[in-house]
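> Contents of entry-v5.cif (mmCIF, C-alpha atoms (C1' of nucleotides)) are given next:
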data_model
#
loop_
_atom_site.label_atom_id
_atom_site.label_comp_id
_atom_site.auth_asym_id
_atom_site.auth_seq_id
_atom_site.Cartn_x
_atom_site.Cartn_y
_atom_site.Cartn_z
CA MET A 1 27.10 -6.84 -38.72
CA SER A 2 24.47 -6.39 -41.40
CA PRO A 3 21.58 -3.95 -40.91
CA ARG A 4 19.35 -6.98 -41.08
CA VAL A 5 20.85 -8.46 -37.92
CA ASP A 6 20.89 -5.12 -36.16
CA GLU A 7 17.20 -4.85 -36.74
CA GLN A 8 16.47 -8.30 -35.40
CA ASN A 9 18.58 -7.68 -32.36
CA GLN A 10 16.80 -4.46 -31.67
CA GLN A 11 13.53 -6.31 -31.89
CA ILE A 12 14.68 -8.88 -29.35
CA ARG A 13 15.84 -6.14 -27.07
CA ASP A 14 12.44 -4.46 -27.22
CA ILE A 15 10.64 -7.68 -26.48
CA ARG A 16 12.86 -8.56 -23.53
CA LYS A 17 12.46 -5.13 -22.05
CA GLN A 18 8.70 -5.37 -22.32
CA GLN A 19 8.75 -8.84 -20.79
CA LEU A 20 10.70 -7.55 -17.83
CA LEU A 21 8.48 -4.51 -17.41
CA ALA A 22 5.32 -6.60 -17.50
CA ALA A 23 6.75 -9.04 -14.99
CA GLY A 24 7.92 -6.14 -12.84
CA ALA A 25 4.49 -4.51 -12.90
CA LYS A 26 2.92 -7.70 -11.66
CA VAL A 27 5.31 -8.52 -8.83
CA PHE A 28 5.92 -4.94 -7.71
CA GLY A 29 2.15 -4.46 -7.61
CA GLU A 30 1.63 -7.60 -5.58
CA ARG A 31 4.65 -7.42 -3.28
CA GLY A 32 5.70 -3.80 -3.10
CA TYR A 33 9.06 -2.30 -3.91
CA ALA A 34 11.01 -3.64 -0.94
CA GLY A 35 9.17 -6.96 -0.94
CA THR A 36 10.11 -7.69 -4.54
CA LYS A 37 13.34 -9.50 -5.21
CA VAL A 38 15.10 -9.32 -8.53
CA SER A 39 14.63 -13.08 -8.63
CA ASP A 40 10.85 -12.55 -8.41
CA ILE A 41 10.91 -10.40 -11.52
CA VAL A 42 13.08 -12.66 -13.64
CA GLY A 43 11.20 -15.68 -12.34
CA GLU A 44 7.92 -14.17 -13.49
CA ALA A 45 9.48 -13.25 -16.84
CA GLN A 46 11.09 -16.67 -17.14
CA LEU A 47 14.49 -15.20 -17.84
CA SER A 48 17.81 -15.74 -16.15
CA HIS A 49 18.88 -13.75 -13.15
CA GLY A 50 21.70 -11.86 -14.75
CA LEU A 51 19.82 -10.75 -17.82
CA ILE A 52 17.82 -8.07 -16.09
CA TYR A 53 21.02 -6.05 -15.68
CA HIS A 54 21.46 -5.92 -19.42
CA TYR A 55 18.21 -4.02 -19.71
CA PHE A 56 18.01 -2.06 -16.49
CA SER A 57 20.75 -0.69 -14.32
CA SER A 58 19.11 -1.67 -11.06
CA LYS A 59 15.93 -2.70 -9.30
CA GLU A 60 15.28 0.98 -8.63
CA ASP A 61 15.57 1.75 -12.30
CA ILE A 62 12.84 -0.65 -13.36
CA TYR A 63 10.53 0.52 -10.61
CA ILE A 64 10.95 4.14 -11.63
CA GLU A 65 10.09 3.32 -15.22
CA LEU A 66 6.93 1.52 -14.09
CA ALA A 67 5.89 4.31 -11.76
CA LYS A 68 6.35 6.79 -14.60
CA THR A 69 4.06 4.74 -16.80
CA ALA A 70 1.46 4.48 -14.04
CA PHE A 71 1.27 8.19 -13.32
CA ILE A 72 1.57 9.44 -16.88
CA THR A 73 -1.05 7.02 -18.16
CA SER A 74 -3.40 8.05 -15.40
CA TYR A 75 -2.82 11.72 -16.15
CA GLU A 76 -3.40 11.24 -19.85
CA THR A 77 -6.62 9.35 -19.25
CA ILE A 78 -7.96 12.25 -17.25
CA HIS A 79 -6.64 14.80 -19.73
CA GLN A 80 -8.34 13.09 -22.60
CA ALA A 81 -11.65 12.72 -20.79
CA VAL A 82 -11.71 16.29 -19.57
CA HIS A 83 -11.04 17.64 -23.05
CA SER A 84 -13.59 15.47 -24.84
CA ASN A 85 -17.09 16.36 -25.95
CA GLY A 86 -20.25 16.48 -23.90
CA SER A 87 -21.42 18.27 -20.79
CA PRO A 88 -19.18 18.23 -17.71
CA TYR A 89 -21.31 15.54 -16.12
CA GLU A 90 -21.25 13.43 -19.25
CA ARG A 91 -17.48 13.69 -19.43
CA LEU A 92 -17.12 12.85 -15.74
CA LYS A 93 -19.36 9.84 -16.10
CA ALA A 94 -17.64 8.54 -19.22
CA MET A 95 -14.24 8.88 -17.59
CA THR A 96 -15.35 7.12 -14.42
CA GLU A 97 -16.87 4.23 -16.30
CA GLY A 98 -13.77 3.94 -18.45
CA ILE A 99 -11.51 3.78 -15.43
CA PHE A 100 -13.61 1.17 -13.66
CA ALA A 101 -13.84 -0.92 -16.79
CA HIS A 102 -10.06 -1.15 -17.04
CA THR A 103 -9.33 -1.87 -13.41
CA ARG A 104 -8.47 -5.49 -14.03
CA GLU A 105 -5.85 -4.81 -16.70
CA SER A 106 -4.34 -1.81 -14.97
CA GLY A 107 -4.62 -3.19 -11.46
CA HIS A 108 -0.90 -3.67 -10.98
CA PHE A 109 -0.19 -0.13 -12.05
CA PHE A 110 -2.81 1.16 -9.68
CA LEU A 111 -1.14 -0.70 -6.81
CA ILE A 112 2.26 0.62 -7.84
CA ALA A 113 0.87 4.14 -7.78
CA LEU A 114 -0.69 3.51 -4.40
CA GLN A 115 2.59 2.30 -2.93
CA THR A 116 4.51 5.14 -4.47
CA ASN A 117 2.19 7.52 -2.65
CA THR A 118 2.39 5.82 0.72
CA SER A 119 5.68 4.04 1.18
CA LYS A 120 8.87 5.77 2.19
CA THR A 121 10.95 2.96 0.72
CA VAL A 122 10.25 3.59 -2.96
CA PRO A 123 12.94 5.30 -5.05
CA GLU A 124 13.03 9.04 -4.54
CA GLU A 125 12.53 9.73 -8.24
CA ALA A 126 9.28 7.77 -8.25
CA SER A 127 7.95 9.83 -5.36
CA ALA A 128 8.79 13.00 -7.21
CA ILE A 129 6.92 11.89 -10.32
CA SER A 130 3.95 10.92 -8.18
CA LYS A 131 3.82 14.33 -6.59
CA GLU A 132 4.11 16.15 -9.90
CA TYR A 133 1.43 14.23 -11.77
CA SER A 134 -0.99 14.00 -8.87
CA ALA A 135 -1.02 17.78 -8.68
CA LYS A 136 -1.49 18.11 -12.42
CA SER A 137 -4.32 15.59 -12.44
CA LEU A 138 -6.13 17.31 -9.61
CA GLU A 139 -5.84 20.58 -11.51
CA LEU A 140 -7.55 19.04 -14.53
CA LEU A 141 -10.35 17.68 -12.39
CA LYS A 142 -10.78 21.00 -10.68
CA HIS A 143 -11.41 22.69 -14.01
CA LEU A 144 -13.98 20.08 -14.94
CA PHE A 145 -15.87 20.68 -11.72
CA GLN A 146 -15.66 24.42 -12.21
CA GLN A 147 -17.25 24.07 -15.62
CA GLY A 148 -19.93 21.82 -14.20
CA GLN A 149 -20.74 24.37 -11.56
CA GLU A 150 -20.97 27.18 -14.08
CA GLN A 151 -23.37 25.17 -16.17
CA GLY A 152 -25.45 24.38 -13.09
CA GLU A 153 -24.88 20.62 -13.19
CA PHE A 154 -22.77 20.41 -10.04
CA ILE A 155 -23.26 21.60 -6.51
CA LYS A 156 -21.47 24.86 -5.82
CA VAL A 157 -18.75 24.03 -3.32
CA ASP A 158 -15.00 24.48 -3.55
CA PRO A 159 -14.08 22.75 -6.85
CA SER A 160 -10.70 21.74 -5.44
CA GLU A 161 -12.48 19.86 -2.73
CA GLN A 162 -14.74 18.21 -5.26
CA ALA A 163 -11.71 17.13 -7.26
CA LEU A 164 -10.14 15.67 -4.12
CA MET A 165 -13.39 13.95 -3.23
CA TYR A 166 -13.67 12.47 -6.68
CA SER A 167 -10.13 11.16 -6.64
CA SER A 168 -10.62 9.74 -3.13
CA MET A 169 -13.71 7.91 -4.18
CA LEU A 170 -12.04 6.60 -7.29
CA ASN A 171 -9.12 5.26 -5.28
CA GLY A 172 -11.40 3.66 -2.76
CA VAL A 173 -13.57 1.94 -5.34
CA VAL A 174 -10.70 0.70 -7.46
CA PHE A 175 -9.07 -0.61 -4.34
CA THR A 176 -12.23 -2.52 -3.46
CA GLN A 177 -12.45 -3.89 -6.99
CA LEU A 178 -8.95 -5.26 -6.63
CA THR A 179 -9.64 -6.69 -3.19
CA TYR A 180 -12.84 -8.39 -4.35
CA PRO A 181 -12.14 -9.21 -7.99
CA LEU A 182 -15.31 -11.24 -8.31
CA LEU A 183 -17.66 -8.28 -8.09
CA GLU A 184 -19.44 -7.97 -11.36
CA ASP A 185 -21.19 -4.64 -11.74
CA PHE A 186 -19.85 -2.75 -8.78
CA PRO A 187 -20.22 0.14 -8.48
CA GLN A 188 -23.19 1.98 -9.89
CA VAL A 189 -21.49 5.02 -11.35
CA ASP A 190 -24.67 7.10 -11.43
CA GLN A 191 -25.19 6.49 -7.74
CA ILE A 192 -21.72 7.59 -6.81
CA LEU A 193 -21.69 10.74 -8.85
CA ARG A 194 -24.82 11.91 -7.08
CA ILE A 195 -22.43 13.44 -4.56
CA PHE A 196 -21.61 16.16 -7.03
CA ILE A 197 -24.98 16.68 -8.69
CA ASP A 198 -27.10 19.74 -8.06
CA THR A 199 -30.46 17.98 -7.77
CA SER A 200 -32.43 21.21 -7.92
CA SER A 201 -31.21 21.70 -11.48
CA LEU A 202 -32.60 18.32 -12.46
CA LYS A 203 -36.12 19.36 -11.55
CA GLU A 204 -36.28 22.13 -14.16
CA MET B 1 13.26 -11.65 44.34
CA SER B 2 10.67 -9.68 46.33
CA PRO B 3 7.16 -9.16 44.96
CA ARG B 4 8.02 -5.50 44.93
CA VAL B 5 10.76 -6.01 42.37
CA ASP B 6 8.66 -8.42 40.34
CA GLU B 7 6.03 -5.75 40.04
CA GLN B 8 8.49 -3.11 38.91
CA ASN B 9 10.00 -5.47 36.37
CA GLN B 10 6.60 -6.27 34.98
CA GLN B 11 5.95 -2.57 34.64
CA ILE B 12 9.15 -2.08 32.70
CA ARG B 13 8.30 -4.99 30.46
CA ASP B 14 4.91 -3.50 29.68
CA ILE B 15 6.39 -0.14 28.87
CA ARG B 16 9.07 -1.58 26.62
CA LYS B 17 6.58 -3.68 24.75
CA GLN B 18 4.38 -0.66 24.17
CA GLN B 19 7.36 1.37 23.03
CA LEU B 20 8.24 -1.27 20.49
CA LEU B 21 4.68 -1.61 19.29
CA ALA B 22 4.28 2.13 18.88
CA ALA B 23 7.57 2.35 17.01
CA GLY B 24 6.60 -0.65 14.90
CA ALA B 25 3.24 0.88 14.00
CA LYS B 26 4.96 4.00 12.78
CA VAL B 27 7.68 2.42 10.67
CA PHE B 28 5.60 -0.48 9.35
CA GLY B 29 2.94 2.05 8.34
CA GLU B 30 5.46 4.24 6.59
CA ARG B 31 7.69 1.61 5.03
CA GLY B 32 5.63 -1.56 4.74
CA TYR B 33 6.42 -4.98 6.12
CA ALA B 34 9.28 -5.88 3.81
CA GLY B 35 10.65 -2.34 3.74
CA THR B 36 10.99 -2.18 7.50
CA LYS B 37 14.21 -3.37 9.05
CA VAL B 38 14.41 -4.47 12.66
CA SER B 39 16.92 -1.68 13.04
CA ASP B 40 14.24 0.81 11.91
CA ILE B 41 11.96 -0.28 14.72
CA VAL B 42 14.51 -0.22 17.49
CA GLY B 43 15.93 3.01 16.10
CA GLU B 44 12.52 4.62 16.32
CA ALA B 45 12.02 3.23 19.82
CA GLN B 46 15.54 4.27 20.83
CA LEU B 47 16.37 0.82 22.09
CA SER B 48 19.19 -1.52 21.25
CA HIS B 49 19.03 -3.96 18.39
CA GLY B 50 18.98 -7.13 20.40
CA LEU B 51 16.32 -6.06 22.87
CA ILE B 52 13.42 -6.49 20.47
CA TYR B 53 13.96 -10.24 20.62
CA HIS B 54 13.32 -10.23 24.34
CA TYR B 55 9.81 -8.98 23.67
CA PHE B 56 8.91 -10.49 20.33
CA SER B 57 10.05 -13.67 18.74
CA SER B 58 10.49 -12.19 15.28
CA LYS B 59 9.73 -9.31 12.95
CA GLU B 60 6.70 -11.26 11.78
CA ASP B 61 5.47 -11.57 15.33
CA ILE B 62 5.36 -7.84 15.98
CA TYR B 63 3.69 -7.16 12.65
CA ILE B 64 0.98 -9.71 13.37
CA GLU B 65 0.25 -8.14 16.72
CA LEU B 66 -0.08 -4.72 15.10
CA ALA B 67 -2.30 -6.01 12.32
CA LYS B 68 -4.53 -7.65 14.92
CA THR B 69 -4.88 -4.36 16.72
CA ALA B 70 -5.68 -2.55 13.50
CA PHE B 71 -8.44 -4.87 12.36
CA ILE B 72 -9.99 -5.53 15.75
CA THR B 73 -10.07 -1.85 16.64
CA SER B 74 -11.68 -1.05 13.32
CA TYR B 75 -14.25 -3.77 13.79
CA GLU B 76 -15.09 -2.64 17.31
CA THR B 77 -15.52 0.95 16.18
CA ILE B 78 -18.08 -0.14 13.65
CA HIS B 79 -19.75 -2.52 16.08
CA GLN B 80 -20.16 0.17 18.66
CA ALA B 81 -21.52 2.71 16.18
CA VAL B 82 -23.97 0.31 14.61
CA HIS B 83 -25.35 -0.69 18.00
CA SER B 84 -25.70 2.80 19.39
CA ASN B 85 -28.80 4.98 19.57
CA GLY B 86 -30.36 7.09 16.87
CA SER B 87 -31.73 6.47 13.40
CA PRO B 88 -29.61 4.48 10.93
CA TYR B 89 -28.54 7.67 9.18
CA GLU B 90 -27.62 9.32 12.45
CA ARG B 91 -25.52 6.32 13.44
CA LEU B 92 -23.84 6.22 10.05
CA LYS B 93 -23.03 9.89 10.21
CA ALA B 94 -21.70 9.76 13.75
CA MET B 95 -19.49 6.81 12.89
CA THR B 96 -18.14 8.45 9.77
CA GLU B 97 -17.31 11.67 11.56
CA GLY B 98 -15.66 9.74 14.36
CA ILE B 99 -13.46 7.83 11.97
CA PHE B 100 -12.39 10.92 10.05
CA ALA B 101 -11.66 12.78 13.27
CA HIS B 102 -9.21 10.10 14.39
CA THR B 103 -7.40 9.64 11.10
CA ARG B 104 -4.30 11.40 12.28
CA GLU B 105 -3.78 9.27 15.38
CA SER B 106 -4.72 6.00 13.74
CA GLY B 107 -3.04 6.74 10.42
CA HIS B 108 -0.29 4.20 10.85
CA PHE B 109 -2.76 1.48 11.67
CA PHE B 110 -4.82 2.36 8.65
CA LEU B 111 -1.75 2.00 6.45
CA ILE B 112 -0.87 -1.31 8.07
CA ALA B 113 -4.37 -2.56 7.33
CA LEU B 114 -4.09 -1.33 3.77
CA GLN B 115 -0.82 -3.18 3.21
CA THR B 116 -2.12 -6.29 4.84
CA ASN B 117 -4.93 -6.28 2.31
CA THR B 118 -2.77 -5.68 -0.73
CA SER B 119 0.72 -7.07 -0.25
CA LYS B 120 1.59 -10.70 -0.67
CA THR B 121 4.67 -10.29 1.52
CA VAL B 122 2.93 -9.78 4.86
CA PRO B 123 2.83 -12.68 7.32
CA GLU B 124 0.19 -15.24 6.47
CA GLU B 125 -1.49 -14.92 9.85
CA ALA B 126 -2.02 -11.18 9.32
CA SER B 127 -3.74 -11.82 6.00
CA ALA B 128 -6.04 -14.33 7.67
CA ILE B 129 -7.05 -11.85 10.35
CA SER B 130 -7.67 -9.23 7.72
CA LYS B 131 -9.97 -11.50 5.79
CA GLU B 132 -11.91 -12.55 8.86
CA TYR B 133 -12.53 -9.09 10.27
CA SER B 134 -13.19 -7.42 6.94
CA ALA B 135 -16.02 -9.85 6.34
CA LYS B 136 -17.42 -9.33 9.83
CA SER B 137 -17.25 -5.56 9.46
CA LEU B 138 -19.05 -5.62 6.14
CA GLU B 139 -21.75 -7.75 7.69
CA LEU B 140 -22.34 -5.14 10.39
CA LEU B 141 -22.54 -2.37 7.84
CA LYS B 142 -24.92 -4.39 5.73
CA HIS B 143 -27.34 -4.65 8.64
CA LEU B 144 -27.18 -0.94 9.23
CA PHE B 145 -28.05 -0.23 5.61
CA GLN B 146 -30.87 -2.77 5.74
CA GLN B 147 -32.35 -0.98 8.72
CA GLY B 148 -31.98 2.35 6.98
CA GLN B 149 -33.81 1.03 3.97
CA GLU B 150 -36.64 -0.35 6.06
CA GLN B 151 -37.07 2.99 7.75
CA GLY B 152 -37.05 4.73 4.39
CA GLU B 153 -33.89 6.76 5.01
CA PHE B 154 -31.72 4.98 2.45
CA ILE B 155 -32.13 4.19 -1.21
CA LYS B 156 -33.33 0.67 -1.81
CA VAL B 157 -30.47 -1.11 -3.52
CA ASP B 158 -28.54 -4.21 -2.49
CA PRO B 159 -27.40 -3.44 1.08
CA SER B 160 -24.24 -5.49 0.59
CA GLU B 161 -23.32 -3.21 -2.25
CA GLN B 162 -24.04 -0.16 -0.12
CA ALA B 163 -21.80 -1.55 2.60
CA LEU B 164 -19.03 -2.11 0.08
CA MET B 165 -19.53 1.35 -1.36
CA TYR B 166 -19.37 2.88 2.08
CA SER B 167 -16.20 1.07 2.98
CA SER B 168 -14.63 1.99 -0.37
CA MET B 169 -15.39 5.61 0.14
CA LEU B 170 -14.10 5.53 3.67
CA ASN B 171 -10.82 4.00 2.54
CA GLY B 172 -10.46 6.50 -0.26
CA VAL B 173 -11.07 9.51 1.92
CA VAL B 174 -8.84 8.37 4.77
CA PHE B 175 -6.14 7.66 2.25
CA THR B 176 -6.45 11.20 0.88
CA GLN B 177 -6.35 12.63 4.39
CA LEU B 178 -3.08 10.83 4.98
CA THR B 179 -1.65 11.92 1.64
CA TYR B 180 -2.60 15.56 2.23
CA PRO B 181 -2.38 15.93 5.99
CA LEU B 182 -2.88 19.67 5.83
CA LEU B 183 -6.50 19.51 4.76
CA GLU B 184 -8.58 20.99 7.51
CA ASP B 185 -12.25 20.19 7.12
CA PHE B 186 -12.17 17.65 4.36
CA PRO B 187 -14.51 16.06 3.68
CA GLN B 188 -18.06 17.22 4.17
CA VAL B 189 -19.65 14.12 5.63
CA ASP B 190 -23.19 15.17 4.77
CA GLN B 191 -22.20 15.58 1.14
CA ILE B 192 -20.67 12.15 0.90
CA LEU B 193 -23.49 10.30 2.56
CA ARG B 194 -25.90 11.70 0.00
CA ILE B 195 -25.00 8.66 -2.05
CA PHE B 196 -27.11 6.53 0.25
CA ILE B 197 -29.96 8.90 1.04
CA ASP B 198 -33.43 8.47 -0.38
CA THR B 199 -34.12 12.10 -1.21
CA SER B 200 -37.80 11.51 -1.83
CA SER B 201 -38.21 10.63 1.84
CA LEU B 202 -36.76 13.98 2.86
CA LYS B 203 -39.49 15.88 1.06
CA GLU B 204 -42.25 14.52 3.30
"C1'" DG C 1 21.96 -11.91 -26.38
"C1'" DT C 2 21.90 -15.18 -22.54
"C1'" DC C 3 23.38 -17.92 -18.84
"C1'" DT C 4 25.86 -19.65 -14.47
"C1'" DA C 5 28.97 -18.72 -10.87
"C1'" DT C 6 30.64 -15.50 -7.70
"C1'" DA C 7 31.44 -11.34 -5.17
"C1'" DA C 8 29.79 -8.01 -1.99
"C1'" DA C 9 26.44 -6.12 0.98
"C1'" DA C 10 22.36 -6.08 3.82
"C1'" DG C 11 19.48 -7.66 7.21
"C1'" DG C 12 17.28 -11.06 10.67
"C1'" DA C 13 18.37 -13.47 14.57
"C1'" DT C 14 21.39 -15.21 18.52
"C1'" DA C 15 25.16 -15.30 22.22
"C1'" DG C 16 27.15 -13.78 25.93
"C1'" DA C 17 28.78 -9.95 28.80
"C1'" DC C 18 27.17 -6.48 32.09
"C1'" DG D 1 16.60 -5.95 31.73
"C1'" DT D 2 19.85 -4.23 28.31
"C1'" DC D 3 23.63 -3.88 25.24
"C1'" DT D 4 27.38 -5.05 21.71
"C1'" DA D 5 29.45 -8.27 18.82
"C1'" DT D 6 28.79 -11.99 15.79
"C1'" DC D 7 26.65 -15.43 12.91
"C1'" DC D 8 24.42 -16.74 8.85
"C1'" DT D 9 21.06 -16.37 5.42
"C1'" DT D 10 19.23 -13.63 1.85
"C1'" DT D 11 19.67 -10.63 -1.92
"C1'" DT D 12 21.65 -7.20 -5.13
"C1'" DA D 13 24.89 -6.72 -8.54
"C1'" DT D 14 28.95 -8.14 -11.47
"C1'" DA D 15 32.16 -11.24 -14.17
"C1'" DG D 16 33.09 -14.13 -17.53
"C1'" DA D 17 31.91 -18.19 -20.39
"C1'" DC D 18 29.01 -19.64 -24.35
#
Kindly return the structure encoded in the file as structure tokens.

Amino acid sequence: MSPRVDEQNQQIRDIRKQQLLAAGAKVFGERGYAGTKVSDIVGEAQLSHGLIYHYFSSKEDIYIELAKTAFITSYETIHQAVHSNGSPYERLKAMTEGIFAHTRESGHFFLIALQTNTSKTVPEEASAISKEYSAKSLELLKHLFQQGQEQGEFIKVDPSEQALMYSSMLNGVVFTQLTYPLLEDFPQVDQILRIFIDTSSLKE
Amino acid sequence: MSPRVDEQNQQIRDIRKQQLLAAGAKVFGERGYAGTKVSDIVGEAQLSHGLIYHYFSSKEDIYIELAKTAFITSYETIHQAVHSNGSPYERLKAMTEGIFAHTRESGHFFLIALQTNTSKTVPEEASAISKEYSAKSLELLKHLFQQGQEQGEFIKVDPSEQALMYSSMLNGVVFTQLTYPLLEDFPQVDQILRIFIDTSSLKE
DNA sequence: GTCTATAAAAGGATAGAC
DNA sequence: GTCTATCCTTTTATAGAC
């Protein structure tokens, strides 16, 4: 086997794996872990039934990989936004707008994350990842709200509660965006973030 | 068969049916439609496997009945609140507090509603009910926001969008309450509803 | 690397006894 | 009214040919 062929094979392998992951993201997002059959995934990917087991050891395996991607990507988005430039409010606003703007593309991953948080039928390992990264993400948000409070931009209430409120609102809005995909410019980010703003500071 | 016995039998039938519905609400909420086995339901209800088919014609059947309950109850809660006494803001606040207060008891129904909205594996009839009642509920909320705007309590933006924003936020918060059941007094309703308030009117 | 055919297991639904 | 045993379809996973 020449190195040339090895390389081509590796390339095919990478493509197939990505095909299966993309198909898995779609159908797992739409149908849930238990509601998705292996035949749904390979059907979506237009590959034969048996081939999936050359790339993943089981249905669980592929779900876990997708859940990992969902939670890690989400965490990194927050991490990046929190550590960027600008005032706390500016960073919060930029992050929120960025997340809403990408709802359509990342919709399946959002639904996978949602299911991983709520359903007792998802693979144990996925639940563990969810728990770990949710906590880490909330911690990042908490720091952002703390900073905002110190600089007088945000209302002074428990920053952990603000972080939880922010994440709740984000979930709720993204969920609505997925339920009503036709909505054009919903929501008004400025309006929403008023919850956290110390209006007295704006009057100065 | 004496009327006496008929009556007792009817009573047993009612109890069994309720047992199965309660068990179904729990396991469907926790595991989703596809992830729930008939054996999960009867196991939870502590009844034998075959008995469920004396009370329901299929797994679909019991799910549909539960979804109906979820959406109709939700609709009626909103209907009642919207048509009660007090200013629009007072009604909105009372409704919101009422909903949050009952999250624990109605948690399983909330999760069933959530799944019915997102999963393509739930029975067709449940999806139809979801669509119907969601639209009706949003219509009620829209009217409440319209009234609030006319009376100067609420910011003047598209009331449909406010209704959607309110329902998004509600979903997000209830979801968080179910994910973190230990939270005591989350959230601060007054804080949240600031999104809708016309602050200039408060200064009068 | 990919496919079809098959094995093995799981789960929904029914039958018939009590 | 209730239960256990059984049927039968669906679905995951593997084997082996190309």
> Counting all atoms listed in the file, which residue out of B:Ser200, B:Gly35, B:Thr118, B:Leu193 sits closest to Gln177 of chain A?
B:Thr118
> Using the chain letters and residue numbers of this document, give as an NGL selection string the residues selected by the PyMOL selection byres ((chain A and resi 89-99) around 10).
:A and (74 or 77-88 or 100-104 or 106 or 141 or 144-145 or 147-149 or 151 or 153-154 or 166 or 170 or 174 or 187-190 or 192-193 or 196-197)
> Kindly save the residues from that selection, with C-alpha atoms included, as a short mmCIF file (atom, residue, chain, number, x, y, z; two decimals), keeping the file's coordinate frame.

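part20.cif was written with the following content:
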data_model
loop_
_atom_site.label_atom_id
_atom_site.label_comp_id
_atom_site.auth_asym_id
_atom_site.auth_seq_id
_atom_site.Cartn_x
_atom_site.Cartn_y
_atom_site.Cartn_z
CA SER A 74 -3.40 8.05 -15.40
CA THR A 77 -6.62 9.35 -19.25
CA ILE A 78 -7.96 12.25 -17.25
CA HIS A 79 -6.64 14.80 -19.73
CA GLN A 80 -8.34 13.09 -22.60
CA ALA A 81 -11.65 12.72 -20.79
CA VAL A 82 -11.71 16.29 -19.57
CA HIS A 83 -11.04 17.64 -23.05
CA SER A 84 -13.59 15.47 -24.84
CA ASN A 85 -17.09 16.36 -25.95
CA GLY A 86 -20.25 16.48 -23.90
CA SER A 87 -21.42 18.27 -20.79
CA PRO A 88 -19.18 18.23 -17.71
CA PHE A 100 -13.61 1.17 -13.66
CA ALA A 101 -13.84 -0.92 -16.79
CA HIS A 102 -10.06 -1.15 -17.04
CA THR A 103 -9.33 -1.87 -13.41
CA ARG A 104 -8.47 -5.49 -14.03
CA SER A 106 -4.34 -1.81 -14.97
CA LEU A 141 -10.35 17.68 -12.39
CA LEU A 144 -13.98 20.08 -14.94
CA PHE A 145 -15.87 20.68 -11.72
CA GLN A 147 -17.25 24.07 -15.62
CA GLY A 148 -19.93 21.82 -14.20
CA GLN A 149 -20.74 24.37 -11.56
CA GLN A 151 -23.37 25.17 -16.17
CA GLU A 153 -24.88 20.62 -13.19
CA PHE A 154 -22.77 20.41 -10.04
CA TYR A 166 -13.67 12.47 -6.68
CA LEU A 170 -12.04 6.60 -7.29
CA VAL A 174 -10.70 0.70 -7.46
CA PRO A 187 -20.22 0.14 -8.48
CA GLN A 188 -23.19 1.98 -9.89
CA VAL A 189 -21.49 5.02 -11.35
CA ASP A 190 -24.67 7.10 -11.43
CA ILE A 192 -21.72 7.59 -6.81
CA LEU A 193 -21.69 10.74 -8.85
CA PHE A 196 -21.61 16.16 -7.03
CA ILE A 197 -24.98 16.68 -8.69
#
> I'd like to see the residues matched by the PyMOL selection byres ((chain B and resi 60) around 12) on this file, and ideally I'd get them as a list in words.
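Here the PyMOL selection byres ((chain B and resi 60) around 12) matches Gly24, Phe28, Tyr33, Ala34, Thr36, Lys37, Val38, Ile52, Tyr53, Phe56, Ser57, Ser58, Lys59, Asp61, Ile62, Tyr63, Ile64, Glu65, Leu66, Ala67, Thr121, Val122, Pro123, Glu124, Glu125, Ala126 and Ser127 of chain B; DG12 of chain C.
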> Provide as a PyMOL selection string the residues of chain B at most 8 Å from chain A, counting all atoms listed in the file.
chain B and resi 29-35+117-121+161+164-165+167-173+175-176+179+186-187+191-195
> Restrict the distance test to only C-alpha atoms (C1' of nucleotides), flag each residue of chain B within 9 Å of chain D, and return the flagged residues as a list in words.
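In the required form, that comes to Asn9, Ile12, Arg13, Leu47, Ser48, His49, Gly50 and Leu51 of chain B.
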> Which residue out of A:Gln19, A:Thr116, A:Ser2, A:Gln10 has the minimum interatomic distance to chain C when all atoms listed in the file are used?
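Nearest candidate to chain C out of A:Gln19, A:Thr116, A:Ser2, A:Gln10: A:Gln10.
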> Could you work out how far atom CA of His108 of chain B lies from atom CA of Ala25 of chain B, giving the answer in Å with one decimal?
5.8 Å
> Each residue of chain C with at least one atom at most 10 Å from chain B should appear once, together with its nearest atom pair and the corresponding distance in Å (one decimal); atoms considered: only C-alpha atoms (C1' of nucleotides); ordering: chain, then increasing residue number; output as a tab-separated table.

residue	atom	partner	partner_atom	distance
C:DG11	C1'	B:Lys37	CA	7.0
C:DG12	C1'	B:Val38	CA	7.5
C:DA13	C1'	B:Ser58	CA	8.0
C:DT14	C1'	B:Gly50	CA	8.6
> Rounded to one decimal, what separation in Å do you get between atom CA of Glu132 of chain A and atom CA of Ala113 of chain A?
12.6 Å
> Can you tell me how far atom CA of Thr73 of chain B sits from atom CA of Glu7 of chain B, in Å to one decimal?
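Distance between the two atoms: 28.7 Å.
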